[in-house]
>>> print(open('work.txt').read())   # compact mmCIF, C-alpha atoms and all ligand atoms
# COMPACT_ATOMS: atom_id res chain seq x y z
CA MET C 1 26.99 -27.68 41.49
CA PRO C 2 26.62 -24.78 43.99
CA SER C 3 25.64 -25.95 47.48
CA PRO C 4 22.17 -24.87 48.69
CA PRO C 5 22.08 -21.65 50.78
CA LEU C 6 22.69 -22.26 54.46
CA PHE C 7 19.70 -20.16 55.58
CA ARG C 8 16.07 -20.18 54.53
CA ARG C 9 13.17 -18.03 55.57
CA ALA C 10 10.18 -19.06 57.65
CA THR C 11 7.00 -17.18 58.50
CA VAL C 12 5.98 -17.01 62.15
CA THR C 13 2.39 -18.21 61.94
CA ARG C 14 1.59 -18.23 65.68
CA ILE C 15 3.22 -17.20 68.93
CA ILE C 16 2.26 -19.00 72.12
CA GLN C 17 3.05 -17.35 75.47
CA GLU C 18 4.11 -20.37 77.55
CA THR C 19 5.23 -18.57 80.72
CA ALA C 20 6.00 -14.92 81.57
CA ASP C 21 9.42 -15.21 79.90
CA THR C 22 8.98 -18.06 77.42
CA ARG C 23 7.34 -18.12 74.02
CA THR C 24 6.83 -20.76 71.39
CA PHE C 25 7.26 -19.59 67.80
CA VAL C 26 5.31 -21.66 65.29
CA LEU C 27 7.09 -21.52 61.95
CA ALA C 28 6.12 -22.21 58.35
CA PRO C 29 9.40 -22.60 56.43
CA HIS C 30 9.35 -21.23 52.90
CA GLY C 31 9.92 -23.83 50.20
CA GLY C 32 8.25 -26.66 52.14
CA PRO C 33 8.51 -28.35 55.51
CA LEU C 34 11.86 -28.95 57.19
CA SER C 35 12.85 -32.54 57.67
CA TYR C 36 14.10 -33.02 61.22
CA ARG C 37 14.53 -35.48 64.04
CA ALA C 38 13.19 -34.96 67.54
CA GLY C 39 15.82 -33.24 69.70
CA GLN C 40 17.44 -31.29 66.88
CA PHE C 41 17.89 -27.53 66.61
CA CYS C 42 18.21 -24.84 63.94
CA ILE C 43 20.57 -21.89 63.88
CA PHE C 44 18.65 -18.61 63.62
CA ARG C 45 20.18 -15.52 62.04
CA VAL C 46 18.84 -12.20 63.26
CA ARG C 47 19.92 -8.62 62.89
CA VAL C 48 19.38 -6.91 66.23
CA ASP C 49 18.85 -3.14 66.14
CA GLY C 50 20.38 -2.78 62.68
CA GLY C 51 23.71 -4.14 63.91
CA ARG C 52 25.52 -7.14 62.53
CA ASP C 53 23.95 -10.53 62.09
CA LEU C 54 23.82 -12.68 65.22
CA LEU C 55 23.48 -16.45 65.16
CA ARG C 56 21.80 -18.46 67.92
CA SER C 57 20.63 -22.05 68.13
CA TYR C 58 17.08 -22.98 69.17
CA SER C 59 15.78 -26.52 69.53
CA MET C 60 12.48 -27.74 68.23
CA SER C 61 9.80 -28.30 70.87
CA SER C 62 7.65 -30.00 68.23
CA ALA C 63 8.25 -33.58 67.13
CA PRO C 64 7.89 -34.76 63.53
CA GLU C 65 5.86 -37.79 64.65
CA THR C 66 3.20 -35.77 66.47
CA ASP C 67 3.16 -32.17 65.23
CA ASP C 68 2.23 -30.86 61.79
CA GLU C 69 3.81 -27.52 62.62
CA LEU C 70 7.44 -26.68 63.35
CA MET C 71 7.86 -25.07 66.77
CA THR C 72 10.73 -23.65 68.72
CA THR C 73 10.47 -22.42 72.29
CA VAL C 74 12.61 -19.53 73.46
CA LYS C 75 13.19 -18.37 77.02
CA ARG C 76 14.44 -14.86 77.73
CA VAL C 77 18.00 -14.78 79.07
CA PRO C 78 18.52 -11.70 81.26
CA GLY C 79 20.55 -9.23 79.19
CA GLY C 80 20.59 -11.65 76.25
CA LYS C 81 20.55 -10.02 72.81
CA VAL C 82 18.73 -12.52 70.64
CA SER C 83 16.28 -14.17 73.06
CA ASN C 84 14.94 -10.77 74.15
CA TRP C 85 14.86 -9.48 70.58
CA LEU C 86 12.76 -12.46 69.52
CA HIS C 87 10.34 -11.79 72.37
CA ASP C 88 10.14 -8.03 71.89
CA HIS C 89 10.29 -7.62 68.11
CA VAL C 90 8.85 -10.69 66.43
CA SER C 91 5.11 -10.79 65.74
CA GLU C 92 2.86 -13.21 63.93
CA GLY C 93 3.35 -12.81 60.17
CA ASP C 94 7.03 -11.80 60.51
CA GLU C 95 9.77 -13.81 58.89
CA LEU C 96 12.84 -15.37 60.48
CA GLU C 97 15.92 -16.93 58.91
CA LEU C 98 17.09 -20.36 59.98
CA THR C 99 19.30 -23.23 58.86
CA GLU C 100 18.30 -26.81 58.21
CA PRO C 101 17.91 -28.75 61.47
CA ARG C 102 21.05 -30.22 62.97
CA GLY C 103 22.37 -31.73 66.18
CA GLN C 104 22.80 -35.20 67.58
CA PHE C 105 20.71 -35.02 70.75
CA CYS C 106 18.36 -37.51 69.14
CA LEU C 107 16.66 -40.73 70.11
CA ARG C 108 19.05 -43.71 70.08
CA PRO C 109 17.78 -47.27 69.70
CA ALA C 110 17.44 -48.67 73.21
CA PRO C 111 19.39 -51.85 74.02
CA THR C 112 16.97 -52.70 76.87
CA SER C 113 13.28 -52.25 77.61
CA ALA C 114 14.12 -49.69 80.31
CA PRO C 115 12.26 -46.37 80.01
CA LEU C 116 13.75 -43.22 78.56
CA LEU C 117 14.74 -40.88 81.38
CA GLY C 118 14.66 -37.13 80.68
CA PHE C 119 16.29 -34.57 82.98
CA CYS C 120 15.38 -30.98 82.17
CA GLY C 121 16.21 -27.71 83.84
CA GLY C 122 14.27 -24.60 82.72
CA SER C 123 14.35 -24.17 78.92
CA GLY C 124 16.13 -27.55 78.67
CA ILE C 125 12.62 -29.00 78.44
CA THR C 126 12.43 -27.86 74.78
CA PRO C 127 14.37 -30.70 73.08
CA VAL C 128 13.40 -33.20 75.80
CA LEU C 129 9.68 -32.58 75.14
CA SER C 130 10.35 -33.25 71.46
CA LEU C 131 12.17 -36.49 72.35
CA ALA C 132 9.40 -37.54 74.73
CA LYS C 133 6.64 -37.02 72.14
CA SER C 134 8.65 -38.87 69.52
CA THR C 135 9.33 -41.81 71.86
CA LEU C 136 5.70 -42.10 72.96
CA ALA C 137 4.35 -41.93 69.40
CA GLY C 138 7.01 -43.99 67.66
CA THR C 139 7.99 -46.71 70.16
CA ASP C 140 6.55 -48.78 73.02
CA ARG C 141 9.02 -47.36 75.52
CA ARG C 142 7.98 -45.66 78.72
CA VAL C 143 9.18 -42.14 79.39
CA ARG C 144 9.98 -40.63 82.79
CA LEU C 145 10.84 -36.94 83.08
CA LEU C 146 12.39 -35.06 85.97
CA CYS C 147 11.71 -31.36 85.38
CA ALA C 148 13.47 -28.84 87.61
CA ASP C 149 12.21 -25.25 87.70
CA ARG C 150 12.45 -22.25 90.00
CA ASP C 151 8.74 -22.26 90.80
CA ARG C 152 5.39 -23.27 89.34
CA PRO C 153 4.86 -20.11 87.19
CA SER C 154 8.26 -20.53 85.51
CA ALA C 155 7.72 -24.20 84.65
CA ILE C 156 7.41 -24.43 80.86
CA PHE C 157 4.81 -26.87 79.42
CA TYR C 158 3.38 -27.59 82.89
CA GLU C 159 -0.14 -28.23 81.59
CA GLY C 160 1.03 -29.54 78.22
CA LEU C 161 3.00 -32.34 79.86
CA ALA C 162 0.13 -33.17 82.21
CA GLU C 163 -2.16 -33.52 79.17
CA LEU C 164 0.42 -35.64 77.35
CA ALA C 165 0.62 -37.96 80.38
CA LYS C 166 -3.18 -38.41 80.24
CA ARG C 167 -2.94 -39.29 76.54
CA TYR C 168 -0.38 -42.03 77.29
CA PRO C 169 -1.62 -43.61 80.53
CA GLY C 170 1.07 -45.69 82.24
CA ARG C 171 3.74 -44.63 79.73
CA LEU C 172 4.63 -41.04 80.67
CA THR C 173 5.50 -39.94 84.20
CA VAL C 174 6.49 -36.35 84.98
CA VAL C 175 8.16 -35.59 88.31
CA ARG C 176 8.23 -31.88 89.13
CA HIS C 177 11.03 -30.41 91.23
CA LEU C 178 10.25 -26.81 92.21
CA ASP C 179 13.14 -25.01 93.86
CA ASP C 180 10.90 -22.73 95.92
CA GLU C 181 9.39 -25.80 97.61
CA ARG C 182 12.37 -28.17 97.86
CA GLY C 183 15.56 -26.16 97.28
CA LEU C 184 17.91 -26.87 94.39
CA LEU C 185 17.97 -30.36 92.92
CA ASP C 186 20.73 -32.54 94.42
CA ALA C 187 22.37 -35.86 93.63
CA ALA C 188 20.06 -37.74 96.02
CA ASP C 189 17.02 -36.44 94.09
CA VAL C 190 18.55 -37.69 90.84
CA LYS C 191 19.38 -41.12 92.25
CA GLU C 192 15.92 -41.44 93.80
CA PHE C 193 14.36 -40.60 90.44
CA VAL C 194 16.51 -43.18 88.59
CA GLY C 195 15.57 -45.83 91.18
CA ALA C 196 15.75 -49.30 89.69
CA ASP C 197 16.14 -48.05 86.10
CA MET C 198 19.93 -48.18 86.30
CA ASP C 199 20.26 -49.41 82.70
CA ALA C 200 18.01 -46.70 81.21
CA ASP C 201 19.15 -44.13 78.65
CA SER C 202 19.17 -40.62 80.13
CA TYR C 203 18.75 -37.41 78.12
CA VAL C 204 19.93 -34.29 79.96
CA CYS C 205 19.44 -30.61 79.08
CA GLY C 206 19.49 -27.51 81.25
CA PRO C 207 21.74 -24.80 82.69
CA GLU C 208 25.37 -25.76 83.18
CA PRO C 209 25.28 -26.33 86.99
CA PHE C 210 22.21 -28.55 86.50
CA MET C 211 24.00 -30.51 83.76
CA GLU C 212 27.07 -31.06 85.91
CA LEU C 213 25.02 -32.20 88.90
CA VAL C 214 22.86 -34.63 86.91
CA GLU C 215 25.73 -36.05 84.84
CA SER C 216 27.80 -36.64 87.95
CA ALA C 217 24.89 -38.27 89.81
CA LEU C 218 24.20 -40.52 86.79
CA GLN C 219 27.71 -42.01 86.81
CA GLY C 220 27.41 -45.77 86.91
CA SER C 221 23.92 -45.83 85.37
CA GLY C 222 23.11 -46.41 81.69
CA ARG C 223 23.99 -44.25 78.69
CA VAL C 224 23.82 -40.48 79.18
CA PHE C 225 23.17 -38.06 76.28
CA SER C 226 23.52 -34.32 76.92
CA GLU C 227 22.66 -31.11 75.10
CA ARG C 228 24.43 -27.98 76.33
CA PHE C 229 22.79 -24.62 75.67
CA GLY C 230 25.89 -22.67 76.72
CA GLY C 231 25.76 -19.51 78.76
CA ALA C 232 28.19 -20.59 81.47
CA GLN C 233 31.91 -20.80 81.62
CA VAL C 234 32.96 -23.77 79.57
CA PRO C 235 36.41 -25.06 80.54
CA PRO C 236 38.86 -24.95 77.64
CA PRO C 237 39.06 -28.40 76.06
CA SER C 238 42.33 -30.28 76.44
CA PRO C 239 44.48 -30.29 73.32
CA PRO C 240 44.12 -33.32 71.04
CA ARG C 241 47.80 -34.21 71.29
CA PRO C 242 50.84 -32.93 73.20
CA SER C 243 52.09 -29.59 71.99
CA PRO C 244 55.32 -30.04 70.03
CA ALA C 245 56.59 -26.80 71.54
CA ARG C 246 55.54 -27.92 75.07
CA THR C 247 54.00 -24.52 75.72
CA PRO C 248 50.36 -23.84 76.55
CA ALA C 249 48.19 -22.71 73.64
CA PRO C 250 48.51 -18.93 73.45
CA SER C 251 45.59 -16.67 74.12
CA PRO C 252 44.76 -14.56 71.05
CA ALA C 253 45.30 -11.43 73.16
CA GLN C 254 48.94 -12.28 74.00
CA PRO C 255 51.77 -11.04 71.82
CA PRO C 256 53.43 -13.87 69.91
CA THR C 257 56.72 -15.34 71.10
CA PRO C 258 59.20 -17.25 68.92
CA THR C 259 58.17 -20.58 70.53
CA GLN C 260 54.49 -19.94 69.85
CA ASN C 261 55.24 -19.44 66.18
CA ALA C 262 57.14 -22.72 65.97
CA ALA C 263 54.63 -24.59 63.80
CA GLU C 264 55.12 -24.27 60.08
CA GLY C 265 52.34 -23.44 57.71
CA THR C 266 49.65 -20.90 57.03
CA ILE C 267 46.02 -20.62 58.02
CA THR C 268 43.88 -18.81 55.47
CA ILE C 269 40.38 -17.67 56.33
CA LEU C 270 37.71 -16.49 53.92
CA LEU C 271 34.89 -14.52 55.54
CA GLY C 272 32.50 -12.36 53.53
CA ASN C 273 34.64 -10.63 50.93
CA LYS C 274 37.80 -10.89 53.06
CA ARG C 275 40.66 -13.35 52.60
CA VAL C 276 43.29 -13.24 55.36
CA SER C 277 46.29 -15.47 56.15
CA VAL C 278 48.22 -15.89 59.40
CA PRO C 279 51.14 -18.17 60.28
CA ARG C 280 49.98 -21.41 61.91
CA ARG C 281 50.42 -21.78 65.68
CA PRO C 282 50.49 -25.12 67.49
CA ASN C 283 47.21 -26.21 69.07
CA GLU C 284 45.38 -23.08 67.99
CA THR C 285 41.83 -23.61 66.79
CA LEU C 286 40.73 -22.22 63.45
CA LEU C 287 38.45 -19.78 65.26
CA GLN C 288 41.38 -18.47 67.31
CA SER C 289 43.45 -18.13 64.12
CA ALA C 290 40.62 -16.21 62.47
CA ARG C 291 40.42 -13.80 65.40
CA ARG C 292 44.19 -13.39 65.42
CA ALA C 293 43.88 -12.51 61.75
CA GLY C 294 41.65 -9.59 62.77
CA LEU C 295 38.37 -11.14 61.64
CA ALA C 296 35.14 -11.39 63.66
CA PRO C 297 33.78 -14.80 62.67
CA PRO C 298 30.46 -16.10 64.01
CA PHE C 299 30.49 -18.21 67.17
CA SER C 300 28.22 -18.90 70.11
CA CYS C 301 28.95 -21.75 72.53
CA GLU C 302 32.65 -22.33 71.75
CA ALA C 303 32.08 -25.84 73.06
CA GLY C 304 31.25 -27.81 69.90
CA ASN C 305 27.48 -27.84 70.53
CA CYS C 306 25.84 -25.28 68.32
CA ALA C 307 27.48 -25.17 64.84
CA THR C 308 27.32 -21.37 64.79
CA CYS C 309 31.05 -21.33 63.94
CA MET C 310 30.92 -23.88 61.11
CA ALA C 311 33.01 -23.27 58.02
CA LYS C 312 34.11 -25.33 55.03
CA LEU C 313 37.63 -26.65 54.63
CA ARG C 314 38.90 -25.67 51.21
CA GLU C 315 42.46 -26.96 51.71
CA GLY C 316 44.11 -29.21 54.30
CA SER C 317 42.45 -30.99 57.22
CA ALA C 318 41.65 -30.39 60.86
CA THR C 319 40.62 -32.51 63.84
CA MET C 320 37.73 -31.37 66.00
CA ARG C 321 38.26 -31.72 69.74
CA VAL C 322 34.49 -32.00 70.23
CA ASN C 323 31.75 -32.33 67.64
CA ASP C 324 28.24 -32.46 69.03
CA ALA C 325 26.71 -30.41 66.23
CA LEU C 326 27.75 -31.45 62.71
CA THR C 327 26.35 -34.52 61.03
CA GLU C 328 28.64 -37.18 59.54
CA GLU C 329 27.53 -36.02 56.10
CA GLU C 330 28.52 -32.42 56.84
CA VAL C 331 31.92 -33.55 58.12
CA ALA C 332 32.36 -35.68 55.00
CA GLU C 333 31.50 -32.62 52.88
CA GLY C 334 34.36 -30.78 54.56
CA TYR C 335 32.52 -28.74 57.18
CA VAL C 336 34.33 -28.12 60.46
CA LEU C 337 33.46 -26.45 63.75
CA THR C 338 36.12 -23.78 63.76
CA CYS C 339 35.95 -23.38 67.56
CA GLN C 340 37.04 -27.02 67.86
CA GLY C 341 39.08 -27.62 64.70
CA VAL C 342 42.86 -27.79 65.10
CA PRO C 343 44.80 -28.12 61.80
CA ASP C 344 46.42 -31.48 61.01
CA THR C 345 48.19 -30.21 57.92
CA PRO C 346 50.69 -27.35 57.75
CA SER C 347 48.40 -25.24 55.60
CA VAL C 348 44.66 -24.99 55.95
CA THR C 349 42.10 -22.79 54.19
CA VAL C 350 38.59 -22.42 55.60
CA GLU C 351 35.65 -20.46 54.28
CA TYR C 352 32.73 -19.18 56.35
CA GLU C 353 29.78 -19.50 53.96
C1 LIG Q 1 22.23 -26.54 70.64
C2 LIG Q 1 21.51 -25.42 71.37
C3 LIG Q 1 20.14 -25.42 71.45
C4 LIG Q 1 19.49 -24.40 72.14
N1 LIG Q 1 18.12 -24.43 72.24
C5 LIG Q 1 17.48 -23.47 72.94
C6 LIG Q 1 16.05 -23.51 73.09
O1 LIG Q 1 15.38 -24.39 72.56
N2 LIG Q 1 15.46 -22.54 73.79
C7 LIG Q 1 16.18 -21.51 74.38
O2 LIG Q 1 15.56 -20.64 75.01
N3 LIG Q 1 17.52 -21.45 74.26
C8 LIG Q 1 18.18 -22.40 73.54
N4 LIG Q 1 19.54 -22.33 73.40
C9 LIG Q 1 20.26 -21.15 73.95
C10 LIG Q 1 20.27 -20.06 72.88
O3 LIG Q 1 21.00 -20.47 71.74
C11 LIG Q 1 20.95 -18.77 73.36
O4 LIG Q 1 22.21 -19.08 73.89
C12 LIG Q 1 20.13 -18.05 74.42
O5 LIG Q 1 18.84 -17.72 73.91
C13 LIG Q 1 20.85 -16.76 74.85
O6 LIG Q 1 21.09 -15.96 73.72
P1 LIG Q 1 21.02 -14.36 73.82
O7 LIG Q 1 21.47 -13.82 72.53
O8 LIG Q 1 19.69 -13.96 74.33
O9 LIG Q 1 22.07 -14.07 74.98
P2 LIG Q 1 23.57 -13.52 74.77
O10 LIG Q 1 23.50 -12.10 74.35
O11 LIG Q 1 24.32 -14.50 73.93
O12 LIG Q 1 24.13 -13.66 76.24
C14 LIG Q 1 23.93 -12.67 77.25
C15 LIG Q 1 24.36 -13.20 78.60
O13 LIG Q 1 23.62 -14.37 78.98
C16 LIG Q 1 24.47 -15.50 79.20
N5 LIG Q 1 23.81 -16.62 78.54
C17 LIG Q 1 23.90 -16.94 77.23
N6 LIG Q 1 23.17 -18.05 76.97
C18 LIG Q 1 22.61 -18.43 78.13
C19 LIG Q 1 21.74 -19.50 78.50
N7 LIG Q 1 21.29 -20.41 77.61
N8 LIG Q 1 21.35 -19.56 79.79
C20 LIG Q 1 21.80 -18.65 80.70
N9 LIG Q 1 22.62 -17.63 80.41
C21 LIG Q 1 23.02 -17.52 79.14
C22 LIG Q 1 25.80 -15.19 78.59
O14 LIG Q 1 26.86 -15.78 79.31
C23 LIG Q 1 25.81 -13.66 78.64
O15 LIG Q 1 26.34 -13.22 79.85
C24 LIG Q 1 20.22 -23.34 72.74
C25 LIG Q 1 21.62 -23.34 72.62
C26 LIG Q 1 22.26 -24.36 71.96
C27 LIG Q 1 23.76 -24.34 71.86
S1 LIG Q 2 30.71 -21.89 68.57
FE1 LIG Q 2 29.27 -23.46 69.01
S2 LIG Q 2 30.12 -25.19 67.98
FE2 LIG Q 2 31.57 -23.64 67.70
>>> encode(input="work.txt", output="structure tokens", more="lines below")
Ligand SMILES: Cc1cc2nc3c(=O)[nH]c(=O)nc-3n(C[C@H](O)[C@H](O)[C@H](O)COP(=O)(O)OP(=O)(O)OC[C@H]3O[C@@H](n4cnc5c(N)ncnc54)[C@H](O)[C@@H]3O)c2cc1C
Ligand code: FES
Amino acid sequence: MPSPPLFRRATVTRIIQETADTRTFVLAPHGGPLSYRAGQFCIFRVRVDGGRDLLRSYSMSSAPETDDELMTTVKRVPGGKVSNWLHDHVSEGDELELTEPRGQFCLRPAPTSAPLLGFCGGSGITPVLSLAKSTLAGTDRRVRLLCADRDRPSAIFYEGLAELAKRYPGRLTVVRHLDDERGLLDAADVKEFVGADMDADSYVCGPEPFMELVESALQGSGRVFSERFGGAQVPPPSPPRPSPARTPAPSPAQPPTPTQNAAEGTITILLGNKRVSVPRRPNETLLQSARRAGLAPPFSCEAGNCATCMAKLREGSATMRVNDALTEEEVAEGYVLTCQGVPDTPSVTVEYE
């Protein structure tokens, strides 16, 4: 049986201007509502200025437990292709293309009665708002949010969160950290916010420096779940096992040397109507092999977060260094994040669908 198409269309029914550079797009998916969990995201496919299709991930700011409508909230990134295109070219009544929801930044059953702690920087509030609404509506847990923003006008959902706190008296607390009043958030602010809730689950989303600061300050407290939006230098992940050739993984731009070609086997990539094969190289990801083969496959974060680079294994197997985007079912079906997948078998064939 043919698998369902990866993308479906949705009509933009409303656009809400949240701040000067942030909009919420309310979507009515064609073919019926999307089934999703709070904290998940969809991959959007847009064609900017008649060029090639670009894929970007956007999290839901709505929650299935509290909102009848599907909403995603997008902040402009200076110089960014897709975020600015969505702001400048999409109007109510237009259609967008998006995948089924995915991602694992979702509510986990809590082992203790400690509150859920949310740490959000800028647009990182989007999935955390969804998680907060879901927790308040679906459980008895308390929710405490630490929201860091440049200043009051750039704080997304400022009033919305204040209203939500009134609706759940004693259960939702929102602490605002505005850089223009207090300087950048530091580890002491994070520890002060955590206070006695050392066994609480923390959900963290924001720009990379914010993530690093909060994650480091949370060491020694309860479980920490993070969602990375990308956009900063992500250090290359360490290889899953020692290189048999004992040489660093080659950059795709470097000319091959005999040692780099030591691994046996062939990597075959199917993309659009192209089918290309290259000799396998040790520790090279499938995405790197595809680029070496002269293809331009889709990718975004290159960190295992967004699923933009997913493809289906048609032959052989591969181990992902990081997988924070594909569901267990998708992995079982043979999907792989090509930016993270390193072949386990001499020959591997992958198809971008
Ligand atoms: C799982 C996931 C969920 C996401 N959810 C949301 C969401 O709900 N709302 C939202 O607004 N964004 C979200 N993002 C970020 C979004 O996917 C895009 O990366 C972002 O909109 C920038 O895309 P662009 O095409 O405008 O910029 P690009 O053209 O890709 O980038 C242009 C420049 O901006 C930098 N840049 C790219 N992304 C970022 C970023 N996020 N922050 C700062 N600089 C960046 C790049 O390094 C580059 O220099 C999410 C990302 C992931 C991986
Ligand atoms: S490019 Fe984001 S998971 Fe591979």
>>> closest_atom_pairs(input="work.txt", of="chain C", to="ligand LIG 1 (chain Q)", cutoff="9 Å", atoms="all atoms listed in the file", output="CSV")
residue,atom,partner,partner_atom,distance
C:Thr22,CA,Q:LIG1,O2,7.5
C:Arg23,CA,Q:LIG1,O2,8.7
C:Gln40,CA,Q:LIG1,C1,7.7
C:Phe41,CA,Q:LIG1,C3,5.7
C:Cys42,CA,Q:LIG1,C3,7.8
C:Ile43,CA,Q:LIG1,O3,8.0
C:Phe44,CA,Q:LIG1,O3,8.7
C:Leu54,CA,Q:LIG1,O7,7.8
C:Leu55,CA,Q:LIG1,O7,8.1
C:Arg56,CA,Q:LIG1,O3,4.4
C:Ser57,CA,Q:LIG1,O3,4.0
C:Tyr58,CA,Q:LIG1,N1,3.6
C:Ser59,CA,Q:LIG1,O1,3.7
C:Met60,CA,Q:LIG1,O1,6.2
C:Ser61,CA,Q:LIG1,O1,7.0
C:Thr72,CA,Q:LIG1,O1,6.1
C:Thr73,CA,Q:LIG1,N2,5.2
C:Val74,CA,Q:LIG1,O2,3.5
C:Lys75,CA,Q:LIG1,O2,3.8
C:Arg76,CA,Q:LIG1,O8,6.3
C:Val77,CA,Q:LIG1,O8,5.1
C:Pro78,CA,Q:LIG1,O13,6.2
C:Gly79,CA,Q:LIG1,C14,5.2
C:Gly80,CA,Q:LIG1,O9,3.1
C:Lys81,CA,Q:LIG1,O7,3.9
C:Val82,CA,Q:LIG1,O7,3.6
C:Ser83,CA,Q:LIG1,O8,3.6
C:Asn84,CA,Q:LIG1,O8,5.7
C:Trp85,CA,Q:LIG1,O8,7.6
C:Leu86,CA,Q:LIG1,O8,8.6
C:Arg102,CA,Q:LIG1,C1,8.6
C:Gly103,CA,Q:LIG1,C1,6.8
C:Phe105,CA,Q:LIG1,C1,8.6
C:Gly122,CA,Q:LIG1,O2,8.8
C:Ser123,CA,Q:LIG1,O2,5.4
C:Gly124,CA,Q:LIG1,C6,6.9
C:Ile125,CA,Q:LIG1,O1,8.0
C:Thr126,CA,Q:LIG1,O1,5.1
C:Pro127,CA,Q:LIG1,O1,6.4
C:Gly206,CA,Q:LIG1,N7,8.2
C:Pro207,CA,Q:LIG1,N8,6.0
C:Glu208,CA,Q:LIG1,N8,8.1
C:Glu227,CA,Q:LIG1,C1,6.4
C:Arg228,CA,Q:LIG1,C27,5.8
C:Phe229,CA,Q:LIG1,C25,3.5
C:Gly230,CA,Q:LIG1,N7,5.2
C:Gly231,CA,Q:LIG1,C18,3.4
C:Ala232,CA,Q:LIG1,O14,5.4
C:Gln233,CA,Q:LIG1,O14,7.5
C:Ser300,CA,Q:LIG1,O11,7.0
C:Cys301,CA,Q:LIG1,C27,5.8
C:Ala303,CA,Q:LIG1,C27,8.5
C:Gly304,CA,Q:LIG1,C27,8.5
C:Asn305,CA,Q:LIG1,C27,5.3
C:Cys306,CA,Q:LIG1,C27,4.2
C:Ala307,CA,Q:LIG1,C1,7.9
C:Thr308,CA,Q:LIG1,C27,8.5
C:Asp324,CA,Q:LIG1,C1,8.6
C:Ala325,CA,Q:LIG1,C1,7.4
>>> closest_residue(input="work.txt", among="C:Arg182, C:Arg37, C:Arg281, C:Arg176", to="C:Ser130", atoms="all atoms listed in the file")
C:Arg37
>>> closest_residue(input="work.txt", among="C:Arg171, C:Arg9, C:Arg321, C:Lys274", to="ligand LIG 2 (chain Q)", atoms="all atoms listed in the file")
C:Arg321
>>> atom_distance(input="work.txt", atom1="atom CA of C:Ser277", atom2="atom CA of C:Leu6")
24.6 Å
>>> residues_around(input="work.txt", residues="C:Ala114", least_positions_apart="3", cutoff="7 Å", atoms="only C-alpha atoms", output="ChimeraX atom specification")
/C:197,199-200
>>> atom_distance(input="work.txt", atom1="atom CA of C:Arg144", atom2="atom CA of C:Leu117")
5.0 Å
>>> axis_aligned_box(input="work.txt", around="ligand LIG 2 (chain Q)", padding_each_side="3 Å", output="JSON")
{"center_x": 30.4, "center_y": -23.5, "center_z": 68.4, "size_x": 8.3, "size_y": 9.3, "size_z": 7.3}
>>> residues_around(input="work.txt", residues="C:Val90", least_positions_apart="2", cutoff="12 Å", atoms="only C-alpha atoms", output="MDAnalysis selection string")
chainID C and resid 11:15 23:27 46:48 74 82:88 92:96
>>> write_last_selection(input="work.txt", atoms="C-alpha atoms", output="short mmCIF file (atom, residue, chain, number, x, y, z; two decimals), in the frame of the given file")
data_model
loop_
_atom_site.label_atom_id
_atom_site.label_comp_id
_atom_site.auth_asym_id
_atom_site.auth_seq_id
_atom_site.Cartn_x
_atom_site.Cartn_y
_atom_site.Cartn_z
CA THR C 11 7.00 -17.18 58.50
CA VAL C 12 5.98 -17.01 62.15
CA THR C 13 2.39 -18.21 61.94
CA ARG C 14 1.59 -18.23 65.68
CA ILE C 15 3.22 -17.20 68.93
CA ARG C 23 7.34 -18.12 74.02
CA THR C 24 6.83 -20.76 71.39
CA PHE C 25 7.26 -19.59 67.80
CA VAL C 26 5.31 -21.66 65.29
CA LEU C 27 7.09 -21.52 61.95
CA VAL C 46 18.84 -12.20 63.26
CA ARG C 47 19.92 -8.62 62.89
CA VAL C 48 19.38 -6.91 66.23
CA VAL C 74 12.61 -19.53 73.46
CA VAL C 82 18.73 -12.52 70.64
CA SER C 83 16.28 -14.17 73.06
CA ASN C 84 14.94 -10.77 74.15
CA TRP C 85 14.86 -9.48 70.58
CA LEU C 86 12.76 -12.46 69.52
CA HIS C 87 10.34 -11.79 72.37
CA ASP C 88 10.14 -8.03 71.89
CA GLU C 92 2.86 -13.21 63.93
CA GLY C 93 3.35 -12.81 60.17
CA ASP C 94 7.03 -11.80 60.51
CA GLU C 95 9.77 -13.81 58.89
CA LEU C 96 12.84 -15.37 60.48
#
>>> residues_around(input="work.txt", residues="C:Thr285", least_positions_apart="3", cutoff="6 Å", atoms="all atoms listed in the file", output="CSV table (one decimal) with C-alpha atoms, keeping the file's coordinate frame")
chain,number,residue,atom,x,y,z
C,288,GLN,CA,41.4,-18.5,67.3
C,339,CYS,CA,36.0,-23.4,67.6
C,340,GLN,CA,37.0,-27.0,67.9
C,341,GLY,CA,39.1,-27.6,64.7
C,342,VAL,CA,42.9,-27.8,65.1
>>> residues_near_point(input="work.txt", point="(32.2, -33.8, 59.4)", cutoff="12 Å", atoms="all atoms listed in the file", output="VMD selection string")
chain C and resid 307 310 to 313 317 to 320 322 to 338 340 to 341
>>> closest_residue(input="work.txt", among="C:Leu164, C:Leu286, C:Leu131, C:Cys106", to="ligand LIG 2 (chain Q)", atoms="all atoms listed in the file")
C:Leu286
>>> atom_distance(input="work.txt", atom1="atom CA of C:Pro29", atom2="atom CA of C:Pro101")
11.6 Å
>>> closest_residue(input="work.txt", among="C:Glu302, C:Glu65, C:Glu97, C:Glu315", to="ligand LIG 2 (chain Q)", atoms="only C-alpha atoms and all ligand atoms")
C:Glu302
>>> closest_residue(input="work.txt", among="C:Gly222, C:Gly183, C:Pro64, C:Gly170", to="C:Pro111", atoms="only C-alpha atoms")
C:Gly222
